[in-house]
$ cat work-v3.tsv   # TSV, C-alpha atoms
chain	number	residue	atom	x	y	z
A	22	MET	CA	-23.27	66.00	24.12
A	23	ASN	CA	-24.12	64.66	20.66
A	24	VAL	CA	-21.69	61.79	21.07
A	25	ALA	CA	-23.00	60.96	24.53
A	26	ILE	CA	-26.62	60.82	23.32
A	27	PHE	CA	-25.60	58.73	20.31
A	28	ILE	CA	-23.61	56.24	22.38
A	29	LEU	CA	-26.34	55.90	25.00
A	30	PHE	CA	-29.10	55.17	22.51
A	31	ALA	CA	-26.93	53.09	20.19
A	32	LEU	CA	-26.10	50.85	23.15
A	33	LEU	CA	-29.80	50.67	24.06
A	34	CYS	CA	-30.53	49.67	20.46
A	35	LEU	CA	-27.89	46.96	20.37
A	36	GLY	CA	-28.84	45.69	23.82
A	37	GLY	CA	-32.50	45.48	22.86
A	38	ALA	CA	-31.71	43.68	19.62
A	39	LEU	CA	-29.46	41.17	21.38
A	40	ASN	CA	-32.11	40.66	24.04
A	41	LEU	CA	-34.64	39.93	21.27
A	42	LEU	CA	-32.28	37.22	20.09
A	43	LEU	CA	-31.58	35.71	23.51
A	44	GLN	CA	-35.06	35.68	25.06
A	45	ARG	CA	-37.00	32.48	24.61
A	46	HIS	CA	-40.43	33.91	25.32
A	47	PRO	CA	-41.96	35.90	22.42
A	48	ILE	CA	-43.48	38.56	24.68
A	49	ASN	CA	-40.02	39.44	26.03
A	50	SER	CA	-38.71	39.65	22.48
A	51	ALA	CA	-41.57	41.98	21.54
A	52	LEU	CA	-40.88	44.29	24.48
A	53	SER	CA	-37.17	44.49	23.66
A	54	LEU	CA	-38.07	45.28	20.05
A	55	ILE	CA	-40.09	48.24	21.38
A	56	VAL	CA	-36.94	49.44	23.17
A	57	VAL	CA	-34.98	49.18	19.90
A	58	MET	CA	-37.58	51.14	17.95
A	59	SER	CA	-37.97	53.89	20.53
A	60	SER	CA	-34.21	54.44	20.76
A	61	LEU	CA	-34.00	54.46	16.96
A	62	SER	CA	-36.45	57.37	16.98
A	63	VAL	CA	-34.04	59.36	19.17
A	64	LEU	CA	-31.28	58.63	16.65
A	65	TYR	CA	-33.60	59.92	13.88
A	66	LEU	CA	-33.99	63.15	15.86
A	67	LEU	CA	-30.20	63.42	16.10
A	68	LEU	CA	-30.07	63.05	12.32
A	69	GLY	CA	-32.61	65.83	11.86
A	70	ALA	CA	-35.61	63.76	10.79
A	71	GLU	CA	-38.27	65.13	13.09
A	72	PHE	CA	-41.32	63.76	11.29
A	73	LEU	CA	-39.84	60.29	10.97
A	74	ALA	CA	-38.86	60.23	14.64
A	75	LEU	CA	-42.46	60.84	15.66
A	76	ALA	CA	-43.80	58.46	13.00
A	77	GLN	CA	-41.39	55.81	14.26
A	78	ILE	CA	-42.87	56.07	17.76
A	79	ILE	CA	-46.48	56.24	16.60
A	80	VAL	CA	-46.41	53.69	13.78
A	81	TYR	CA	-43.72	51.24	14.83
A	82	SER	CA	-43.59	51.21	18.63
A	83	GLY	CA	-47.25	52.12	18.80
A	84	ALA	CA	-49.33	50.46	16.12
A	85	ILE	CA	-47.20	47.60	14.81
A	86	MET	CA	-45.84	46.41	18.14
A	87	VAL	CA	-49.26	46.59	19.77
A	88	LEU	CA	-50.46	44.35	16.96
A	89	PHE	CA	-47.62	41.92	17.70
A	90	VAL	CA	-48.25	41.87	21.45
A	91	PHE	CA	-51.96	41.45	20.78
A	92	VAL	CA	-51.37	38.43	18.54
A	93	ILE	CA	-48.90	36.89	21.03
A	94	MET	CA	-51.51	37.18	23.77
A	95	LEU	CA	-54.33	36.00	21.51
A	96	LEU	CA	-52.45	32.86	20.51
A	97	ASN	CA	-51.13	32.37	24.05
A	98	ALA	CA	-47.65	31.74	22.68
A	99	GLY	CA	-45.38	30.01	25.16
A	100	GLU	CA	-41.64	29.50	25.26
A	101	GLU	CA	-40.13	28.22	22.05
A	102	GLU	CA	-38.53	24.80	22.12
A	103	ARG	CA	-35.16	23.92	20.65
A	104	THR	CA	-35.34	21.55	17.70
A	105	HIS	CA	-32.99	19.92	15.26
A	106	GLY	CA	-33.73	22.53	12.63
A	107	SER	CA	-32.11	25.23	14.71
A	108	ARG	CA	-28.82	23.29	15.09
A	109	ALA	CA	-28.01	23.54	11.37
A	110	ALA	CA	-28.86	27.24	11.47
A	111	TYR	CA	-26.50	27.72	14.42
A	112	PHE	CA	-23.55	26.16	12.61
A	113	ALA	CA	-24.13	27.55	9.11
A	114	GLY	CA	-26.01	30.74	9.95
A	115	ILE	CA	-23.89	32.44	12.58
A	116	PRO	CA	-20.61	32.37	10.57
A	117	GLY	CA	-22.55	33.65	7.56
A	118	VAL	CA	-24.06	36.48	9.59
A	119	LEU	CA	-20.63	37.37	11.01
A	120	ALA	CA	-19.22	37.43	7.47
A	121	LEU	CA	-22.10	39.71	6.35
A	122	PHE	CA	-21.45	42.09	9.24
A	123	ALA	CA	-17.69	42.05	8.56
A	124	VAL	CA	-18.22	42.94	4.89
A	125	LEU	CA	-20.70	45.75	5.65
A	126	ALA	CA	-18.75	47.24	8.55
A	127	GLY	CA	-15.44	46.87	6.71
A	128	THR	CA	-16.80	48.75	3.71
A	129	PHE	CA	-18.15	51.56	5.87
A	130	VAL	CA	-14.96	51.86	7.91
A	131	THR	CA	-12.74	52.02	4.82
A	132	LEU	CA	-14.95	54.83	3.50
A	133	ARG	CA	-15.03	56.69	6.83
A	134	LEU	CA	-12.89	59.62	5.71
A	135	SER	CA	-15.23	60.55	2.84
A	136	PHE	CA	-18.26	60.51	5.16
A	137	GLY	CA	-17.15	62.92	7.87
A	138	GLY	CA	-19.35	63.73	10.83
A	139	THR	CA	-22.73	65.19	11.65
A	140	ARG	CA	-24.17	67.12	14.55
A	141	LEU	CA	-27.63	67.91	15.85
A	142	GLY	CA	-29.16	70.59	13.62
A	143	ALA	CA	-26.65	70.25	10.77
A	144	PHE	CA	-29.47	69.16	8.48
A	145	LEU	CA	-33.05	69.49	9.64
A	146	VAL	CA	-35.97	68.29	7.54
A	147	THR	CA	-39.13	69.82	8.94
A	148	THR	CA	-42.52	68.24	8.40
A	149	GLY	CA	-43.22	71.05	5.92
A	150	ASP	CA	-40.19	70.20	3.78
A	151	LEU	CA	-41.09	66.53	3.77
A	152	SER	CA	-44.74	67.11	2.90
A	153	ARG	CA	-43.82	69.57	0.14
A	154	VAL	CA	-41.85	66.85	-1.64
A	155	LEU	CA	-44.41	64.18	-0.81
A	156	PHE	CA	-47.48	66.03	-2.03
A	157	ARG	CA	-45.96	67.88	-4.98
A	158	ASN	CA	-43.54	65.48	-6.63
A	159	LEU	CA	-44.71	62.15	-5.27
A	160	LEU	CA	-48.48	62.51	-5.08
A	161	LEU	CA	-49.18	59.45	-7.26
A	162	PRO	CA	-46.98	57.02	-5.23
A	163	PHE	CA	-48.55	58.40	-2.07
A	164	GLU	CA	-52.05	57.65	-3.36
A	165	VAL	CA	-50.96	54.21	-4.55
A	166	THR	CA	-49.77	53.36	-1.03
A	167	SER	CA	-53.22	54.20	0.29
A	168	VAL	CA	-54.63	51.62	-2.13
A	169	LEU	CA	-51.97	49.20	-0.85
A	170	ILE	CA	-53.11	49.73	2.73
A	171	LEU	CA	-56.72	49.17	1.70
A	172	VAL	CA	-55.77	45.89	0.00
A	173	ALA	CA	-53.77	44.88	3.10
A	174	ILE	CA	-56.75	45.54	5.37
A	175	LEU	CA	-59.02	43.47	3.14
A	176	GLY	CA	-56.41	40.70	2.98
A	177	ALA	CA	-56.00	40.65	6.76
A	178	VAL	CA	-59.76	40.44	7.26
A	179	VAL	CA	-60.12	37.61	4.75
A	180	LEU	CA	-57.13	35.66	6.10
A	181	ALA	CA	-58.00	35.91	9.77
A	182	ARG	CA	-61.69	35.15	9.29
A	183	LYS	CA	-63.03	31.93	10.76
A	184	GLU	CA	-63.97	29.47	8.01
A	185	HIS	CA	-67.34	27.81	8.22
B	14	MET	CA	-18.42	67.67	18.82
B	15	THR	CA	-19.71	65.78	15.82
B	16	VAL	CA	-20.76	62.15	15.58
B	17	PRO	CA	-19.05	60.31	12.69
B	18	ILE	CA	-21.55	59.18	10.05
B	19	VAL	CA	-19.77	55.83	10.00
B	20	TRP	CA	-20.96	55.06	13.55
B	21	TYR	CA	-24.57	55.25	12.42
B	22	LEU	CA	-23.83	53.04	9.42
B	23	VAL	CA	-22.01	50.43	11.50
B	24	LEU	CA	-24.89	50.46	14.01
B	25	SER	CA	-27.29	49.90	11.12
B	26	ALA	CA	-25.15	47.00	9.82
B	27	ALA	CA	-25.04	45.48	13.33
B	28	LEU	CA	-28.82	45.71	13.75
B	29	PHE	CA	-29.34	44.17	10.30
B	30	SER	CA	-26.96	41.29	11.12
B	31	ILE	CA	-28.71	40.65	14.42
B	32	GLY	CA	-32.00	40.57	12.50
B	33	VAL	CA	-30.65	38.02	10.01
B	34	CYS	CA	-29.29	35.95	12.90
B	35	GLY	CA	-32.66	36.00	14.64
B	36	PHE	CA	-34.38	35.03	11.40
B	37	LEU	CA	-32.12	31.98	11.16
B	38	ILE	CA	-31.97	30.68	14.73
B	39	LYS	CA	-35.39	31.55	16.15
B	40	ARG	CA	-38.01	28.81	15.97
B	41	ASN	CA	-41.11	30.77	16.90
B	42	ILE	CA	-42.81	32.21	13.82
B	43	ILE	CA	-43.79	35.43	15.62
B	44	THR	CA	-40.19	36.05	16.73
B	45	ILE	CA	-39.00	35.39	13.18
B	46	PHE	CA	-41.46	38.01	11.97
B	47	MET	CA	-40.12	40.45	14.59
B	48	SER	CA	-36.58	39.83	13.29
B	49	ILE	CA	-37.79	40.90	9.84
B	50	GLU	CA	-39.13	44.12	11.37
B	51	LEU	CA	-35.73	44.65	13.01
B	52	MET	CA	-34.02	44.33	9.62
B	53	LEU	CA	-36.45	46.88	8.13
B	54	ASN	CA	-35.60	49.28	10.96
B	55	ALA	CA	-31.88	48.83	10.36
B	56	VAL	CA	-32.30	49.72	6.70
B	57	ASN	CA	-34.40	52.75	7.68
B	58	LEU	CA	-31.56	53.98	9.88
B	59	ALA	CA	-29.15	53.70	6.96
B	60	PHE	CA	-31.59	55.65	4.75
B	61	VAL	CA	-31.94	58.47	7.28
B	62	THR	CA	-28.17	58.59	7.77
B	63	PHE	CA	-27.52	58.94	4.05
B	64	ALA	CA	-30.28	61.55	3.76
B	65	ASN	CA	-28.43	63.51	6.44
B	66	HIS	CA	-25.08	63.06	4.74
B	67	TRP	CA	-26.15	64.08	1.23
B	68	HIS	CA	-28.62	66.74	2.48
B	69	GLN	CA	-31.43	65.16	0.47
B	70	VAL	CA	-35.05	64.77	1.52
B	71	SER	CA	-35.57	61.73	-0.72
B	72	GLY	CA	-33.88	59.39	1.76
B	73	GLN	CA	-36.51	60.27	4.33
B	74	ILE	CA	-39.28	59.82	1.75
B	75	PHE	CA	-38.00	56.28	1.25
B	76	VAL	CA	-38.24	55.65	5.00
B	77	PHE	CA	-41.79	56.98	4.99
B	78	PHE	CA	-42.80	54.50	2.29
B	79	VAL	CA	-40.95	51.66	4.03
B	80	MET	CA	-42.98	52.42	7.18
B	81	VAL	CA	-46.24	52.31	5.22
B	82	VAL	CA	-45.34	49.02	3.59
B	83	ALA	CA	-44.16	47.60	6.93
B	84	ALA	CA	-47.49	48.44	8.53
B	85	ALA	CA	-49.38	46.71	5.72
B	86	GLU	CA	-46.99	43.76	5.85
B	87	ALA	CA	-47.40	43.39	9.62
B	88	ALA	CA	-51.19	43.30	9.33
B	89	VAL	CA	-51.19	40.67	6.58
B	90	GLY	CA	-48.38	38.63	8.16
B	91	LEU	CA	-50.05	38.47	11.55
B	92	ALA	CA	-53.32	37.46	9.91
B	93	ILE	CA	-51.45	34.63	8.15
B	94	ILE	CA	-49.91	33.59	11.49
B	95	ILE	CA	-53.36	33.52	13.12
B	96	SER	CA	-54.83	31.35	10.37
B	97	LEU	CA	-51.75	29.06	10.49
B	98	PHE	CA	-52.19	28.65	14.23
B	99	ARG	CA	-55.86	27.84	13.76
B	100	SER	CA	-55.15	25.05	11.30
B	101	ARG	CA	-52.03	23.53	12.96
B	102	ASN	CA	-52.15	24.53	16.63
B	103	THR	CA	-48.44	25.34	16.74
B	104	LEU	CA	-46.16	28.31	16.20
B	105	ASN	CA	-42.99	26.23	15.78
B	106	VAL	CA	-41.69	26.62	12.22
B	107	ASP	CA	-40.24	23.10	12.22
B	108	GLN	CA	-43.72	21.67	12.52
B	109	ILE	CA	-45.12	23.94	9.82
B	110	ASP	CA	-43.44	22.24	6.87
B	111	LEU	CA	-46.33	20.92	4.81
B	112	MET	CA	-47.98	22.89	2.03
B	113	LYS	CA	-51.20	20.95	2.48
B	114	LEU	CA	-52.73	19.36	5.56

$ encode --input "work-v3.tsv" --output "structure tokens"
Amino acid sequence: MNVAIFILFALLCLGGALNLLLQRHPINSALSLIVVMSSLSVLYLLLGAEFLALAQIIVYSGAIMVLFVFVIMLLNAGEEERTHGSRAAYFAGIPGVLALFAVLAGTFVTLRLSFGGTRLGAFLVTTGDLSRVLFRNLLLPFEVTSVLILVAILGAVVLARKEH
Amino acid sequence: MTVPIVWYLVLSAALFSIGVCGFLIKRNIITIFMSIELMLNAVNLAFVTFANHWHQVSGQIFVFFVMVVAAAEAAVGLAIIISLFRSRNTLNVDQIDLMKL
């Protein structure tokens, strides 16, 4: 059961990510990114992170991706064209990325015996547990991030404003 | 039946690599920005996996802060993209290569 759910949503994740890479129209890439983020939230639930799973749906697939789709439609972005710049990236970038993946996956697979396995409900962080740590031990960083968001809002307004 | 932790970590590595690949080969600035979001999500998955493995809440706290910063970053980044498009009328990164118009 656990394994079936994991495999289903891991494949959805990988398929969505590859589709983001292969699509030439930005709106298709944005929609496949939404698929990736929604299936990641199911994986978070499997790992016992209930608050983060919901926050993933609300913040990422909701707020951030709506912002992306909104900007794509506002700018009327069409299909991207192939240029000479992308050729160099194809030849130098893809082997580099494969090497990066080989190093990461190789490290994880060699350490697989010390990691073991997990199942649904083996470790559950409720919203209460999370907020207890957040509001008792980490109150100052939490307040600082609210200032960060305020600065980001002001920055976005100033940057996107029409200049006269 | 348990799911090996390694599967989650390899999935996270694969998503991160796909994000890097998209960052390199995509030419549309909005798609490049989406690849960055994909990389952030991959790292979040690794954080949640390790939080599960070590039975620590702090891994999930990290993900919470990454989400906050990603939201702020998306707002500012998209505002920058809008103002770039206004001044250059293109979203192709190969044509956005001058610091000054």

$ interface_residues --input "work-v3.tsv" --of "chain A" --to "chain B" --cutoff "6 Å" --atoms "all atoms listed in the file" --output "PyMOL selection string"
chain A and resi 24+42+47+101+107+110+118+122+126+133+137-140+170+173+177+180-181

$ closest_residue --input "work-v3.tsv" --among "A:Ser167, A:Thr147, A:Asn23, A:Thr104" --to "Ala70 (chain A)" --atoms "all atoms listed in the file"
A:Thr147

$ atom_distance --input "work-v3.tsv" --atom1 "CA of Asp150 (chain A)" --atom2 "CA of Phe72 (chain A)"
10.0 Å

$ atom_distance --input "work-v3.tsv" --atom1 "CA of Gln77 (chain A)" --atom2 "CA of Leu61 (chain A)"
8.0 Å

$ decode --input "work-v3.tsv" --residues "chain B" --atoms "C-alpha atoms" --output "short mmCIF file (atom, residue, chain, number, x, y, z; two decimals), in the first residue's frame"
data_model
loop_
_atom_site.label_atom_id
_atom_site.label_comp_id
_atom_site.auth_asym_id
_atom_site.auth_seq_id
_atom_site.Cartn_x
_atom_site.Cartn_y
_atom_site.Cartn_z
CA MET B 14 5.53 -2.89 3.91
CA THR B 15 7.92 0.01 4.35
CA VAL B 16 9.23 2.40 1.72
CA PRO B 17 13.04 2.69 1.79
CA ILE B 18 14.19 6.20 2.75
CA VAL B 19 16.69 6.01 -0.10
CA TRP B 20 13.88 6.06 -2.67
CA TYR B 21 12.76 9.45 -1.43
CA LEU B 22 16.32 10.76 -1.50
CA VAL B 23 16.96 9.48 -5.02
CA LEU B 24 13.66 11.03 -6.16
CA SER B 25 14.77 14.31 -4.60
CA ALA B 26 18.15 14.09 -6.39
CA ALA B 27 16.39 13.34 -9.69
CA LEU B 28 14.03 16.32 -9.32
CA PHE B 29 16.97 18.58 -8.43
CA SER B 30 18.93 17.39 -11.49
CA ILE B 31 15.95 17.96 -13.75
CA GLY B 32 15.68 21.47 -12.29
CA VAL B 33 19.35 22.20 -13.00
CA CYS B 34 18.93 20.82 -16.52
CA GLY B 35 15.92 23.05 -17.13
CA PHE B 36 17.81 26.04 -15.77
CA LEU B 37 20.57 25.39 -18.31
CA ILE B 38 18.68 24.50 -21.49
CA LYS B 39 15.49 26.56 -21.24
CA ARG B 40 15.55 29.92 -23.00
CA ASN B 41 12.37 31.46 -21.64
CA ILE B 42 13.04 33.44 -18.47
CA ILE B 43 9.75 32.37 -16.86
CA THR B 44 10.51 28.68 -17.45
CA ILE B 45 13.99 29.19 -16.00
CA PHE B 46 12.38 30.68 -12.91
CA MET B 47 10.06 27.67 -12.69
CA SER B 48 13.09 25.36 -12.82
CA ILE B 49 14.47 27.20 -9.78
CA GLU B 50 11.18 26.54 -7.96
CA LEU B 51 11.50 22.86 -8.92
CA MET B 52 14.97 22.74 -7.35
CA LEU B 53 13.62 24.34 -4.16
CA ASN B 54 10.90 21.68 -4.03
CA ALA B 55 13.45 18.89 -4.46
CA VAL B 56 15.46 20.21 -1.53
CA ASN B 57 12.27 20.46 0.54
CA LEU B 58 11.57 16.79 -0.12
CA ALA B 59 15.05 15.88 1.11
CA PHE B 60 14.49 17.99 4.26
CA VAL B 61 11.16 16.28 5.05
CA THR B 62 12.70 12.86 4.41
CA PHE B 63 15.55 13.49 6.82
CA ALA B 64 13.13 14.92 9.39
CA ASN B 65 11.24 11.63 9.14
CA HIS B 66 14.40 9.57 9.40
CA TRP B 67 15.91 11.32 12.43
CA HIS B 68 12.50 11.94 14.09
CA GLN B 69 13.24 15.66 14.35
CA VAL B 70 10.80 18.51 13.84
CA SER B 71 13.56 20.94 12.82
CA GLY B 72 13.73 19.53 9.29
CA GLN B 73 10.11 20.51 8.76
CA ILE B 74 10.75 23.95 10.26
CA PHE B 75 13.41 24.43 7.59
CA VAL B 76 10.88 23.54 4.90
CA PHE B 77 8.44 26.04 6.37
CA PHE B 78 11.02 28.83 6.12
CA VAL B 79 12.03 27.75 2.61
CA MET B 80 8.37 28.05 1.57
CA VAL B 81 8.15 31.57 3.04
CA VAL B 82 11.32 32.67 1.28
CA ALA B 83 10.18 31.03 -1.98
CA ALA B 84 6.92 32.96 -1.87
CA ALA B 85 8.78 36.24 -1.35
CA GLU B 86 11.27 35.31 -4.05
CA ALA B 87 8.53 34.46 -6.54
CA ALA B 88 6.82 37.83 -6.00
CA VAL B 89 10.03 39.83 -6.46
CA GLY B 90 11.28 37.67 -9.35
CA LEU B 91 8.05 37.95 -11.30
CA ALA B 92 8.02 41.71 -10.74
CA ILE B 93 11.56 41.85 -12.16
CA ILE B 94 10.43 39.76 -15.16
CA ILE B 95 7.51 42.14 -15.78
CA SER B 96 9.74 45.21 -15.70
CA LEU B 97 12.31 43.44 -17.95
CA PHE B 98 9.57 42.65 -20.45
CA ARG B 99 8.40 46.25 -20.39
CA SER B 100 11.83 47.61 -21.23
CA ARG B 101 12.95 44.96 -23.78
CA ASN B 102 9.78 43.37 -25.16
CA THR B 103 11.23 39.87 -25.01
CA LEU B 104 11.41 36.96 -22.60
CA ASN B 105 14.32 35.23 -24.36
CA VAL B 106 17.37 35.24 -22.09
CA ASP B 107 19.75 35.38 -25.06
CA GLN B 108 18.40 38.78 -25.97
CA ILE B 109 18.58 40.05 -22.39
CA ASP B 110 22.36 40.34 -22.19
CA LEU B 111 22.97 44.04 -21.68
CA MET B 112 23.21 45.65 -18.26
CA LYS B 113 22.12 48.99 -19.70
CA LEU B 114 19.86 49.81 -22.62
#
